[in-house]
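> Contents of protein-v2.txt (compact mmCIF, C-alpha atoms) are given next:
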# COMPACT_ATOMS: atom_id res chain seq x y z
CA MET I 1 23.48 2.30 16.75
CA ASN I 2 21.08 -0.09 18.41
CA LYS I 3 21.94 -3.75 18.33
CA LYS I 4 18.60 -5.48 17.94
CA GLY I 5 17.43 -6.38 14.46
CA VAL I 6 14.42 -4.90 12.73
CA LEU I 7 11.52 -7.13 11.68
CA VAL I 8 10.50 -6.29 8.13
CA VAL I 9 7.46 -7.48 6.23
CA VAL I 10 7.64 -7.29 2.44
CA SER I 11 4.46 -7.66 0.44
CA GLY I 12 3.55 -6.63 -3.07
CA PHE I 13 1.61 -7.44 -6.18
CA SER I 14 2.56 -10.67 -7.88
CA GLY I 15 4.93 -9.47 -10.60
CA ALA I 16 6.27 -6.61 -8.49
CA GLY I 17 9.55 -8.45 -8.00
CA LYS I 18 9.55 -8.78 -4.21
CA GLY I 19 11.06 -12.25 -4.24
CA THR I 20 13.98 -11.08 -6.37
CA ILE I 21 14.50 -8.02 -4.15
CA MET I 22 14.72 -10.21 -1.05
CA LYS I 23 17.16 -12.63 -2.64
CA GLN I 24 19.38 -9.72 -3.68
CA LEU I 25 19.32 -8.22 -0.16
CA LEU I 26 20.37 -11.51 1.41
CA LYS I 27 23.06 -12.03 -1.22
CA GLU I 28 24.52 -8.52 -0.97
CA HIS I 29 24.29 -8.21 2.82
CA PRO I 30 24.47 -11.72 4.29
CA ASP I 31 25.60 -10.45 7.71
CA THR I 32 22.84 -7.88 7.96
CA TYR I 33 19.79 -9.89 7.06
CA GLY I 34 18.34 -13.09 8.40
CA LEU I 35 15.79 -15.27 6.76
CA SER I 36 12.63 -16.45 8.40
CA ILE I 37 11.78 -20.11 7.92
CA SER I 38 8.07 -20.86 7.86
CA ALA I 39 6.35 -23.83 9.40
CA THR I 40 3.95 -25.76 7.21
CA THR I 41 1.76 -28.84 7.25
CA ARG I 42 2.22 -29.52 3.56
CA VAL I 43 4.25 -32.54 2.46
CA PRO I 44 7.94 -31.85 1.60
CA ARG I 45 8.72 -31.88 -2.11
CA PRO I 46 11.73 -33.87 -3.34
CA GLY I 47 14.91 -32.08 -2.28
CA GLU I 48 13.29 -29.93 0.39
CA VAL I 49 14.98 -30.13 3.78
CA HIS I 50 13.32 -29.67 7.20
CA GLY I 51 14.72 -26.46 8.71
CA ARG I 52 15.93 -25.13 5.37
CA GLU I 53 12.94 -24.58 3.06
CA TYR I 54 10.38 -25.09 5.83
CA PHE I 55 9.84 -26.61 9.24
CA PHE I 56 7.63 -29.52 8.21
CA VAL I 57 5.16 -30.38 10.96
CA SER I 58 1.96 -32.36 11.35
CA ARG I 59 -1.43 -30.71 11.51
CA GLU I 60 -1.60 -31.56 15.20
CA GLU I 61 1.80 -30.02 15.89
CA PHE I 62 0.84 -26.88 13.95
CA GLU I 63 -2.37 -26.46 15.92
CA GLN I 64 -0.43 -26.85 19.16
CA MET I 65 1.86 -24.05 17.97
CA ILE I 66 -1.23 -21.88 17.39
CA ASP I 67 -2.61 -22.71 20.85
CA LYS I 68 0.71 -21.92 22.52
CA ASP I 69 0.95 -18.59 20.63
CA GLU I 70 4.21 -19.73 19.06
CA LEU I 71 3.44 -18.18 15.67
CA ILE I 72 3.66 -14.49 14.77
CA GLU I 73 1.15 -15.08 12.00
CA TYR I 74 -0.35 -18.00 10.12
CA ALA I 75 -2.77 -18.72 7.33
CA GLN I 76 -4.27 -21.63 5.41
CA TYR I 77 -3.82 -22.16 1.68
CA VAL I 78 -5.33 -25.06 -0.23
CA GLY I 79 -5.94 -27.01 2.95
CA ASN I 80 -2.46 -26.54 4.44
CA TYR I 81 -1.24 -24.31 7.26
CA TYR I 82 1.67 -21.92 6.78
CA GLY I 83 3.03 -19.78 9.62
CA THR I 84 5.98 -17.85 11.03
CA PRO I 85 7.50 -19.36 14.20
CA ARG I 86 8.14 -16.66 16.78
CA ASN I 87 11.22 -18.24 18.42
CA TYR I 88 13.23 -18.56 15.26
CA VAL I 89 12.55 -14.94 14.27
CA PHE I 90 13.20 -13.62 17.80
CA SER I 91 16.54 -15.38 18.15
CA GLN I 92 17.72 -13.80 14.88
CA LEU I 93 16.50 -10.35 15.92
CA GLU I 94 18.34 -10.76 19.24
CA GLN I 95 21.52 -11.60 17.31
CA GLY I 96 21.12 -8.24 15.58
CA LYS I 97 19.92 -9.56 12.24
CA ASP I 98 17.19 -7.72 10.37
CA VAL I 99 14.63 -10.38 9.52
CA ILE I 100 12.54 -10.11 6.37
CA LEU I 101 9.22 -11.90 6.05
CA GLU I 102 7.65 -12.20 2.62
CA ILE I 103 3.96 -12.53 3.41
CA GLU I 104 0.60 -11.27 2.28
CA ILE I 105 -1.58 -8.57 3.71
CA GLN I 106 -3.55 -10.63 6.27
CA GLY I 107 -0.28 -11.96 7.69
CA ALA I 108 1.28 -8.50 7.55
CA ARG I 109 -1.56 -7.09 9.64
CA LYS I 110 -1.18 -9.86 12.22
CA VAL I 111 2.56 -9.21 12.46
CA LYS I 112 1.94 -5.50 13.08
CA GLU I 113 -0.63 -6.34 15.78
CA ASN I 114 1.78 -8.70 17.51
CA MET I 115 4.88 -6.57 16.99
CA PRO I 116 4.03 -2.89 16.50
CA ASP I 117 7.64 -1.98 15.76
CA ALA I 118 7.73 -4.19 12.66
CA VAL I 119 8.22 -2.27 9.40
CA LEU I 120 5.74 -3.02 6.61
CA LEU I 121 6.88 -2.44 3.01
CA PHE I 122 4.68 -2.76 -0.03
CA VAL I 123 6.47 -3.18 -3.38
CA SER I 124 4.70 -2.06 -6.53
CA PRO I 125 5.51 -1.52 -10.19
CA PRO I 126 5.30 2.17 -11.18
CA SER I 127 1.79 1.69 -12.60
CA ALA I 128 -0.93 -0.90 -13.09
CA ALA I 129 -0.22 -0.83 -16.84
CA GLU I 130 3.37 -1.81 -16.10
CA LEU I 131 2.18 -4.62 -13.81
CA LYS I 132 -0.01 -5.93 -16.64
CA ARG I 133 2.84 -5.60 -19.14
CA ARG I 134 5.15 -7.65 -16.87
CA LEU I 135 2.53 -10.37 -16.41
CA VAL I 136 1.94 -10.55 -20.17
CA GLU I 137 5.67 -10.46 -20.94
CA ARG I 138 6.33 -13.61 -18.94
CA GLY I 139 4.61 -15.30 -21.86
CA THR I 140 3.93 -18.41 -19.84
CA GLU I 141 0.65 -17.17 -18.42
CA ARG I 142 -2.64 -17.67 -20.19
CA GLU I 143 -5.05 -14.76 -20.47
CA ALA I 144 -7.36 -16.10 -17.79
CA VAL I 145 -4.43 -16.35 -15.35
CA ILE I 146 -3.37 -12.78 -16.10
CA ALA I 147 -6.94 -11.58 -15.57
CA SER I 148 -7.17 -13.37 -12.23
CA ARG I 149 -3.79 -11.94 -11.13
CA LEU I 150 -4.91 -8.41 -11.99
CA SER I 151 -8.18 -8.91 -10.16
CA ARG I 152 -6.22 -10.22 -7.18
CA ALA I 153 -3.87 -7.24 -7.38
CA TRP I 154 -6.87 -4.95 -7.17
CA GLN I 155 -7.99 -6.73 -4.00
CA GLU I 156 -4.49 -6.53 -2.51
CA ALA I 157 -4.32 -2.81 -3.32
CA GLN I 158 -7.20 -2.19 -0.89
CA GLY I 159 -4.88 -2.87 2.06
CA VAL I 160 -1.88 -0.82 0.95
CA GLU I 161 -2.68 1.99 3.42
CA ASP I 162 -1.79 -0.35 6.29
CA TYR I 163 1.84 -0.45 5.15
CA ASP I 164 4.51 1.95 6.34
CA TYR I 165 6.29 2.31 3.01
CA PHE I 166 5.17 2.13 -0.61
CA VAL I 167 8.23 1.31 -2.69
CA ILE I 168 8.21 1.52 -6.48
CA ASN I 169 10.18 -1.18 -8.28
CA ASP I 170 11.11 0.45 -11.55
CA ASP I 171 14.79 -0.47 -11.77
CA LEU I 172 15.61 -3.61 -9.76
CA GLU I 173 19.05 -2.61 -8.49
CA GLU I 174 17.82 0.85 -7.46
CA CYS I 175 14.87 -0.71 -5.69
CA VAL I 176 17.10 -3.14 -3.76
CA GLN I 177 19.27 -0.21 -2.64
CA LYS I 178 16.22 1.75 -1.61
CA VAL I 179 14.71 -1.08 0.42
CA HIS I 180 18.08 -1.70 2.08
CA SER I 181 18.47 1.97 2.92
CA ILE I 182 14.92 2.27 4.30
CA ILE I 183 15.46 -0.72 6.58
CA GLN I 184 18.86 0.49 7.79
CA HIS I 185 17.53 3.96 8.60
CA GLU I 186 14.72 2.40 10.60
CA HIS I 187 17.43 1.62 13.17
CA ALA I 188 17.61 5.37 13.88
CA ARG I 189 13.94 5.50 14.99
CA THR I 190 13.62 6.88 18.49
CA MET I 191 11.50 3.90 19.57
CA ARG I 192 14.39 1.55 18.73
CA ASN I 193 16.89 3.51 20.81
CA HIS I 194 15.36 3.63 24.27
CA ALA I 195 18.37 2.08 25.98
CA LEU I 196 20.83 4.50 24.40
CA ILE I 197 18.58 7.49 25.18
CA GLU I 198 18.14 6.38 28.79
CA ASN I 199 21.92 6.08 29.13
CA ILE I 200 22.48 9.60 27.84
CA LYS I 201 19.76 10.94 30.14
CA ALA I 202 21.27 9.25 33.19
CA GLU I 203 24.74 10.53 32.30
CA LEU I 204 23.45 14.09 31.78
CA LYS I 205 21.66 13.90 35.10
CA SER I 206 24.83 12.90 36.91
CA PHE I 207 26.69 15.81 35.26
CA ALA I 208 23.93 18.23 36.27
CA GLU I 209 23.95 16.94 39.85
CA GLY I 210 27.73 16.91 39.96
CA GLU I 211 27.97 20.62 39.17
CA MET Q 1 7.89 9.53 -6.35
CA ASN Q 2 5.54 12.04 -4.76
CA LYS Q 3 6.04 15.67 -5.61
CA LYS Q 4 5.22 17.47 -2.36
CA GLY Q 5 8.05 18.34 -0.02
CA VAL Q 6 8.53 16.88 3.46
CA LEU Q 7 8.50 19.17 6.48
CA VAL Q 8 11.39 18.30 8.76
CA VAL Q 9 12.10 19.54 12.27
CA VAL Q 10 15.67 19.26 13.48
CA SER Q 11 16.37 19.69 17.17
CA GLY Q 12 19.28 18.65 19.30
CA PHE Q 13 21.48 19.44 22.26
CA SER Q 14 23.47 22.62 21.95
CA GLY Q 15 26.84 21.33 20.75
CA ALA Q 16 25.30 18.45 18.77
CA GLY Q 17 26.10 20.22 15.51
CA LYS Q 18 22.58 20.60 14.12
CA GLY Q 19 23.25 24.05 12.65
CA THR Q 20 26.26 22.75 10.73
CA ILE Q 21 24.32 19.72 9.48
CA MET Q 22 21.56 21.95 8.12
CA LYS Q 23 24.01 24.29 6.39
CA GLN Q 24 25.69 21.31 4.74
CA LEU Q 25 22.38 19.86 3.54
CA LEU Q 26 21.38 23.17 1.94
CA LYS Q 27 24.83 23.57 0.40
CA GLU Q 28 25.05 20.02 -1.00
CA HIS Q 29 21.42 19.78 -2.17
CA PRO Q 30 20.21 23.33 -2.94
CA ASP Q 31 17.40 22.08 -5.23
CA THR Q 32 16.10 19.58 -2.70
CA TYR Q 33 15.87 21.66 0.44
CA GLY Q 34 14.17 24.93 1.23
CA LEU Q 35 14.84 27.11 4.17
CA SER Q 36 12.18 28.40 6.51
CA ILE Q 37 12.43 32.08 7.42
CA SER Q 38 11.16 32.92 10.88
CA ALA Q 39 9.16 35.96 11.86
CA THR Q 40 10.37 37.89 14.89
CA THR Q 41 9.63 41.03 16.86
CA ARG Q 42 13.25 41.62 17.77
CA VAL Q 43 15.08 44.57 16.24
CA PRO Q 44 17.22 43.77 13.15
CA ARG Q 45 20.96 43.69 13.78
CA PRO Q 46 23.25 45.60 11.43
CA GLY Q 47 23.40 43.77 8.09
CA GLU Q 48 20.24 41.70 8.65
CA VAL Q 49 17.72 41.94 5.83
CA HIS Q 50 13.91 41.60 6.13
CA GLY Q 51 12.93 38.38 4.31
CA ARG Q 52 16.45 36.95 4.43
CA GLU Q 53 17.49 36.44 8.06
CA TYR Q 54 13.99 37.05 9.43
CA PHE Q 55 10.67 38.63 8.65
CA PHE Q 56 10.90 41.56 11.06
CA VAL Q 57 7.45 42.54 12.32
CA SER Q 58 5.97 44.63 15.11
CA ARG Q 59 4.54 43.05 18.25
CA GLU Q 60 1.07 43.99 17.03
CA GLU Q 61 1.62 42.36 13.64
CA PHE Q 62 3.00 39.22 15.29
CA GLU Q 63 -0.02 38.92 17.58
CA GLN Q 64 -2.30 39.32 14.57
CA MET Q 65 -0.43 36.44 12.90
CA ILE Q 66 -1.08 34.35 16.02
CA ASP Q 67 -4.79 35.26 16.03
CA LYS Q 68 -5.15 34.43 12.34
CA ASP Q 69 -3.40 31.07 12.86
CA GLU Q 70 -0.71 32.09 10.38
CA LEU Q 71 2.13 30.51 12.37
CA ILE Q 72 2.94 26.80 12.55
CA GLU Q 73 4.61 27.40 15.90
CA TYR Q 74 5.87 30.32 17.92
CA ALA Q 75 7.62 31.03 21.21
CA GLN Q 76 8.92 33.93 23.26
CA TYR Q 77 12.59 34.36 24.21
CA VAL Q 78 13.91 37.25 26.25
CA GLY Q 79 10.79 39.30 25.63
CA ASN Q 80 10.63 38.77 21.85
CA TYR Q 81 8.41 36.57 19.73
CA TYR Q 82 9.84 34.09 17.22
CA GLY Q 83 7.64 32.01 14.94
CA THR Q 84 7.37 30.04 11.70
CA PRO Q 85 5.01 31.56 9.10
CA ARG Q 86 2.76 28.90 7.61
CA ASN Q 87 2.40 30.42 4.11
CA TYR Q 88 6.09 30.63 3.40
CA VAL Q 89 6.66 27.01 4.45
CA PHE Q 90 3.59 25.74 2.58
CA SER Q 91 4.52 27.40 -0.70
CA GLN Q 92 7.95 25.76 -0.57
CA LEU Q 93 6.44 22.34 0.23
CA GLU Q 94 4.04 22.78 -2.70
CA GLN Q 95 7.02 23.50 -4.95
CA GLY Q 96 8.40 20.12 -3.90
CA LYS Q 97 11.11 21.41 -1.57
CA ASP Q 98 11.80 19.61 1.68
CA VAL Q 99 11.72 22.31 4.33
CA ILE Q 100 13.88 22.04 7.43
CA LEU Q 101 13.01 23.91 10.62
CA GLU Q 102 15.63 24.20 13.33
CA ILE Q 103 13.56 24.64 16.46
CA GLU Q 104 13.35 23.44 20.04
CA ILE Q 105 11.16 20.83 21.58
CA GLN Q 106 8.10 22.97 22.42
CA GLY Q 107 8.03 24.25 18.85
CA ALA Q 108 8.62 20.74 17.49
CA ARG Q 109 5.60 19.45 19.40
CA LYS Q 110 3.41 22.25 18.05
CA VAL Q 111 4.54 21.51 14.50
CA LYS Q 112 3.64 17.82 14.92
CA GLU Q 113 0.21 18.78 16.31
CA ASN Q 114 -0.46 21.11 13.38
CA MET Q 115 1.11 18.88 10.72
CA PRO Q 116 1.17 15.22 11.76
CA ASP Q 117 3.16 14.20 8.69
CA ALA Q 118 6.13 16.35 9.69
CA VAL Q 119 9.29 14.36 10.47
CA LEU Q 120 11.00 15.12 13.78
CA LEU Q 121 14.73 14.45 14.06
CA PHE Q 122 16.78 14.78 17.22
CA VAL Q 123 20.53 15.10 16.78
CA SER Q 124 22.80 13.98 19.61
CA PRO Q 125 26.48 13.34 20.21
CA PRO Q 126 27.21 9.65 20.82
CA SER Q 127 27.25 10.19 24.60
CA ALA Q 128 26.79 12.86 27.26
CA ALA Q 129 30.53 12.69 27.99
CA GLU Q 130 31.19 13.59 24.36
CA LEU Q 131 28.71 16.48 24.58
CA LYS Q 132 30.57 17.78 27.65
CA ARG Q 133 33.92 17.35 25.89
CA ARG Q 134 32.71 19.38 22.89
CA LEU Q 135 31.41 22.17 25.11
CA VAL Q 136 34.69 22.29 27.07
CA GLU Q 137 36.76 22.12 23.87
CA ARG Q 138 35.25 25.30 22.48
CA GLY Q 139 37.38 26.94 25.13
CA THR Q 140 35.36 30.12 25.03
CA GLU Q 141 32.80 28.98 27.56
CA ARG Q 142 33.27 29.49 31.25
CA GLU Q 143 32.54 26.65 33.61
CA ALA Q 144 29.24 28.12 34.75
CA VAL Q 145 28.06 28.35 31.15
CA ILE Q 146 29.02 24.73 30.47
CA ALA Q 147 27.19 23.63 33.61
CA SER Q 148 24.05 25.49 32.56
CA ARG Q 149 24.22 24.01 29.04
CA LEU Q 150 24.52 20.50 30.46
CA SER Q 151 21.64 21.11 32.80
CA ARG Q 152 19.61 22.43 29.87
CA ALA Q 153 20.57 19.38 27.80
CA TRP Q 154 19.21 17.17 30.56
CA GLN Q 155 15.90 19.04 30.41
CA GLU Q 156 15.80 18.77 26.60
CA ALA Q 157 16.51 15.05 26.80
CA GLN Q 158 13.19 14.53 28.60
CA GLY Q 159 11.32 15.17 25.35
CA VAL Q 160 13.40 13.03 23.00
CA GLU Q 161 10.74 10.30 22.87
CA ASP Q 162 8.44 12.66 20.96
CA TYR Q 163 10.84 12.63 18.01
CA ASP Q 164 10.65 10.19 15.11
CA TYR Q 165 14.40 9.73 14.69
CA PHE Q 166 17.36 9.86 17.06
CA VAL Q 167 20.43 10.57 14.96
CA ILE Q 168 23.93 10.30 16.37
CA ASN Q 169 26.38 12.91 15.14
CA ASP Q 170 29.74 11.21 15.51
CA ASP Q 171 31.31 12.03 12.16
CA LEU Q 172 29.84 15.19 10.62
CA GLU Q 173 29.89 14.12 6.96
CA GLU Q 174 28.40 10.71 7.78
CA CYS Q 175 25.70 12.36 9.86
CA VAL Q 176 24.81 14.78 7.04
CA GLN Q 177 24.46 11.83 4.65
CA LYS Q 178 22.34 9.95 7.14
CA VAL Q 179 19.97 12.86 7.75
CA HIS Q 180 19.68 13.42 3.99
CA SER Q 181 18.95 9.76 3.38
CA ILE Q 182 16.35 9.57 6.18
CA ILE Q 183 14.52 12.59 4.79
CA GLN Q 184 14.60 11.32 1.20
CA HIS Q 185 13.28 7.89 2.19
CA GLU Q 186 10.43 9.54 4.07
CA HIS Q 187 9.04 10.31 0.60
CA ALA Q 188 8.34 6.57 0.24
CA ARG Q 189 5.97 6.55 3.25
CA THR Q 190 2.55 5.26 2.28
CA MET Q 191 0.85 8.30 3.81
CA ARG Q 192 2.76 10.55 1.39
CA ASN Q 193 1.70 8.56 -1.68
CA HIS Q 194 -2.08 8.56 -1.51
CA ALA Q 195 -2.55 10.07 -4.98
CA LEU Q 196 -0.23 7.55 -6.64
CA ILE Q 197 -1.86 4.64 -4.79
CA GLU Q 198 -5.36 5.83 -5.71
CA ASN Q 199 -4.28 6.04 -9.37
CA ILE Q 200 -2.95 2.49 -9.34
CA LYS Q 201 -6.13 1.26 -7.63
CA ALA Q 202 -8.37 2.96 -10.20
CA GLU Q 203 -6.29 1.57 -13.06
CA LEU Q 204 -6.39 -1.96 -11.61
CA LYS Q 205 -10.14 -1.65 -11.15
CA SER Q 206 -10.62 -0.70 -14.80
CA PHE Q 207 -8.48 -3.70 -15.86
CA ALA Q 208 -10.51 -6.01 -13.62
CA GLU Q 209 -13.79 -4.65 -14.96
CA GLY Q 210 -12.52 -4.74 -18.55
CA GLU Q 211 -11.82 -8.48 -18.37
What would you get if you wrote out this structure as structure tokens?

Amino acid sequence: MNKKGVLVVVSGFSGAGKGTIMKQLLKEHPDTYGLSISATTRVPRPGEVHGREYFFVSREEFEQMIDKDELIEYAQYVGNYYGTPRNYVFSQLEQGKDVILEIEIQGARKVKENMPDAVLLFVSPPSAAELKRRLVERGTEREAVIASRLSRAWQEAQGVEDYDYFVINDDLEECVQKVHSIIQHEHARTMRNHALIENIKAELKSFAEGE
Amino acid sequence: MNKKGVLVVVSGFSGAGKGTIMKQLLKEHPDTYGLSISATTRVPRPGEVHGREYFFVSREEFEQMIDKDELIEYAQYVGNYYGTPRNYVFSQLEQGKDVILEIEIQGARKVKENMPDAVLLFVSPPSAAELKRRLVERGTEREAVIASRLSRAWQEAQGVEDYDYFVINDDLEECVQKVHSIIQHEHARTMRNHALIENIKAELKSFAEGE
């Protein structure tokens, strides 16, 4: 209907499967979705390529990007900056790609402030017990790690009301379909169809005046 | 996910096919959708049954319903009142049925005022030219009638921005599927899942405190 892409933020509890959902969406619909590439000040790991995994920049360059308002959102983790460059995202949206950002709640809020028509999705297991079960089942995590993840999940849950959609990941394939369908139907939102609506109005007006 | 039904308002240009779309939805998904039955002061036509086509009430009774705030919206046409009784709609929503109201823009606005979580859909042909073509094609309408419908469509178009979704009816079956899908995904809106979210929060809190 409309041509411009939709900016989508996906967040969720660790263990909710949001990473897997995003990979599936990009795999199943490569022409529909575009990836966002983050900028970071951290050092590239072996095999990582500038412009593929990340845009690797210096601390000075990153702070210039902040000053010039070139980032939709950014945050610091363990002494390094991570952020979403506006230009890269915008050019994909203009090409009609729906761009999915996988970020946390603080970043999600900043995106919504900067771009009110972004769609915020929160992915959750069907219950907290199921979240715990999944964390335990991985087997690789020690008890203390699981406890800290659950405590973190509780903190994250406080911000869920700021999201537009709350999507349960019970069955992965069903959840991928649901997220895809939600995003695609967002294209039918009135606010994303101003140009089309204005065209129809103008045409109706000319008919009415022509009679 | 959540159990309560979604209240949906469907409006659209005359000739956009909204009546047909609604009939199809009810036919294809009889357990999902509930119908709203309007109250009216007009005299029943032969074959019309109280509580099936309409709730037929006296002018006095209707005005009492207004005074008691028993109507979600109401309007007058050609000297008669038409309105949507709140109780009937609410009981269906409580039973988990999604209730669709086919009403015009003034009524749609009143519904949104009274029930902010209602979903407003506007159905339109792909263009004004196509709307005109459909009106002409019916063959039964005289030119003056077509002109007045187009002029009315232009007036209606002024309020389209108040709707949540702008749905193009190009192919009927596709449009029915799209409307169905939009309504069903509305159930995943965060604002419709407070109880579930509060449960998960409480459960996470007990895990965090238990550690």
> Please indicate the distance in Å from atom CA of Ile103 of chain Q to atom CA of Ser11 of chain Q, rounded to one decimal place.
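Calculated distance between atom CA of Ile103 of chain Q and atom CA of Ser11 of chain Q is 5.7 Å.
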> Go through chain I residue by residue and, counting only C-alpha atoms, keep those with an atom at most 7 Å from chain Q; for each kept residue give the shortest atom pair and its distance in Å to one decimal, ordered by chain and increasing number, as a Markdown table.

| residue | atom | partner | partner_atom | distance |
| --- | --- | --- | --- | --- |
| I:Ser127 | CA | Q:Ile200 | CA | 5.8 |
| I:Ala128 | CA | Q:Ile200 | CA | 5.4 |
| I:Ala147 | CA | Q:Glu211 | CA | 6.4 |
| I:Leu150 | CA | Q:Ala208 | CA | 6.3 |
| I:Ser151 | CA | Q:Ala208 | CA | 5.1 |
| I:Trp154 | CA | Q:Leu204 | CA | 5.4 |
| I:Ala157 | CA | Q:Lys201 | CA | 6.2 |
| I:Glu161 | CA | Q:Thr190 | CA | 6.3 |
| I:Tyr163 | CA | Q:Thr190 | CA | 6.4 |
| I:Asp164 | CA | Q:Thr190 | CA | 5.6 |
| I:Tyr165 | CA | Q:Arg189 | CA | 4.3 |
| I:Phe166 | CA | Q:Thr190 | CA | 5.0 |
| I:Val167 | CA | Q:Ala188 | CA | 6.0 |
| I:Ile182 | CA | Q:His185 | CA | 6.2 |
| I:His185 | CA | Q:Ile182 | CA | 6.2 |
| I:Ala188 | CA | Q:Tyr165 | CA | 5.5 |
| I:Arg189 | CA | Q:Tyr165 | CA | 4.3 |
| I:Thr190 | CA | Q:Tyr165 | CA | 4.8 |
| I:Ile200 | CA | Q:Ala128 | CA | 5.4 |
| I:Lys201 | CA | Q:Ala157 | CA | 6.2 |
| I:Glu203 | CA | Q:Ala128 | CA | 5.9 |
| I:Leu204 | CA | Q:Trp154 | CA | 5.4 |
| I:Lys205 | CA | Q:Trp154 | CA | 6.1 |
| I:Ala208 | CA | Q:Ser151 | CA | 5.1 |
| I:Glu211 | CA | Q:Ala147 | CA | 6.4 |
> Expressed in Å to a single decimal, how great is the separation between atom CA of Ala75 of chain I and atom CA of Gly107 of chain I?
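Distance between the two atoms: 7.2 Å.
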> Point out the residue among Q:Arg86, Q:His50, Q:Arg134, Q:Lys3 with the least atom-to-atom distance to Ala16 of chain Q, counting only C-alpha atoms.
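Comparing Q:Arg86, Q:His50, Q:Arg134, Q:Lys3 against Ala16 of chain Q, the winner is Q:Arg134.
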> How many Å separate atom CA of Val57 of chain I from atom CA of Ala39 of chain I?
6.8 Å
> Counting all atoms listed in the file, what is within 12 Å of Phe90 of chain I, bar same-chain residues fewer than 4 positions away, as a list of chain:residue names?
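Selected residues are I:Lys4, I:Gly5, I:Val6, I:Leu7, I:Gly34, I:Leu35, I:Ser36, I:Ile37, I:Glu70, I:Leu71, I:Ile72, I:Thr84, I:Pro85, I:Arg86, I:Glu94, I:Gln95, I:Gly96, I:Lys97, I:Asp98, I:Val99, I:Ile100, I:Met115.
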> Okay, now the selection with C-alpha atoms, as a compact mmCIF listing (two decimals), keeping the file's coordinate frame?

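Now in again-v1.txt:
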# COMPACT_ATOMS: atom_id res chain seq x y z
CA LYS I 4 18.60 -5.48 17.94
CA GLY I 5 17.43 -6.38 14.46
CA VAL I 6 14.42 -4.90 12.73
CA LEU I 7 11.52 -7.13 11.68
CA GLY I 34 18.34 -13.09 8.40
CA LEU I 35 15.79 -15.27 6.76
CA SER I 36 12.63 -16.45 8.40
CA ILE I 37 11.78 -20.11 7.92
CA GLU I 70 4.21 -19.73 19.06
CA LEU I 71 3.44 -18.18 15.67
CA ILE I 72 3.66 -14.49 14.77
CA THR I 84 5.98 -17.85 11.03
CA PRO I 85 7.50 -19.36 14.20
CA ARG I 86 8.14 -16.66 16.78
CA GLU I 94 18.34 -10.76 19.24
CA GLN I 95 21.52 -11.60 17.31
CA GLY I 96 21.12 -8.24 15.58
CA LYS I 97 19.92 -9.56 12.24
CA ASP I 98 17.19 -7.72 10.37
CA VAL I 99 14.63 -10.38 9.52
CA ILE I 100 12.54 -10.11 6.37
CA MET I 115 4.88 -6.57 16.99
> What lies within 10 Å of His180 of chain Q using all atoms listed in the file, ignoring chain neighbours under 4 positions off, as a list in words?
Ile21, Met22, Gln24, Leu25, Glu28, His29, Thr32, Tyr33, Glu174, Cys175, Val176, Gln184 and His185 of chain Q
> Please report, as AutoDock Vina command-line options, the centre and edge lengths in Å to one decimal of an axis-aligned box covering all listed atoms of segment 32-46 of chain Q with 8 Å per side.

--center_x 16.2 --center_y 32.6 --center_z 7.5 --size_x 30.1 --size_y 42.0 --size_z 36.5
> Rank nothing, just name the residue among Q:Asp171, Q:Val49, Q:Asn80, Q:Ala195 nearest to Gly17 of chain Q, using all atoms listed in the file.
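Answer, going by the shortest atom-to-atom distance: Q:Asp171.
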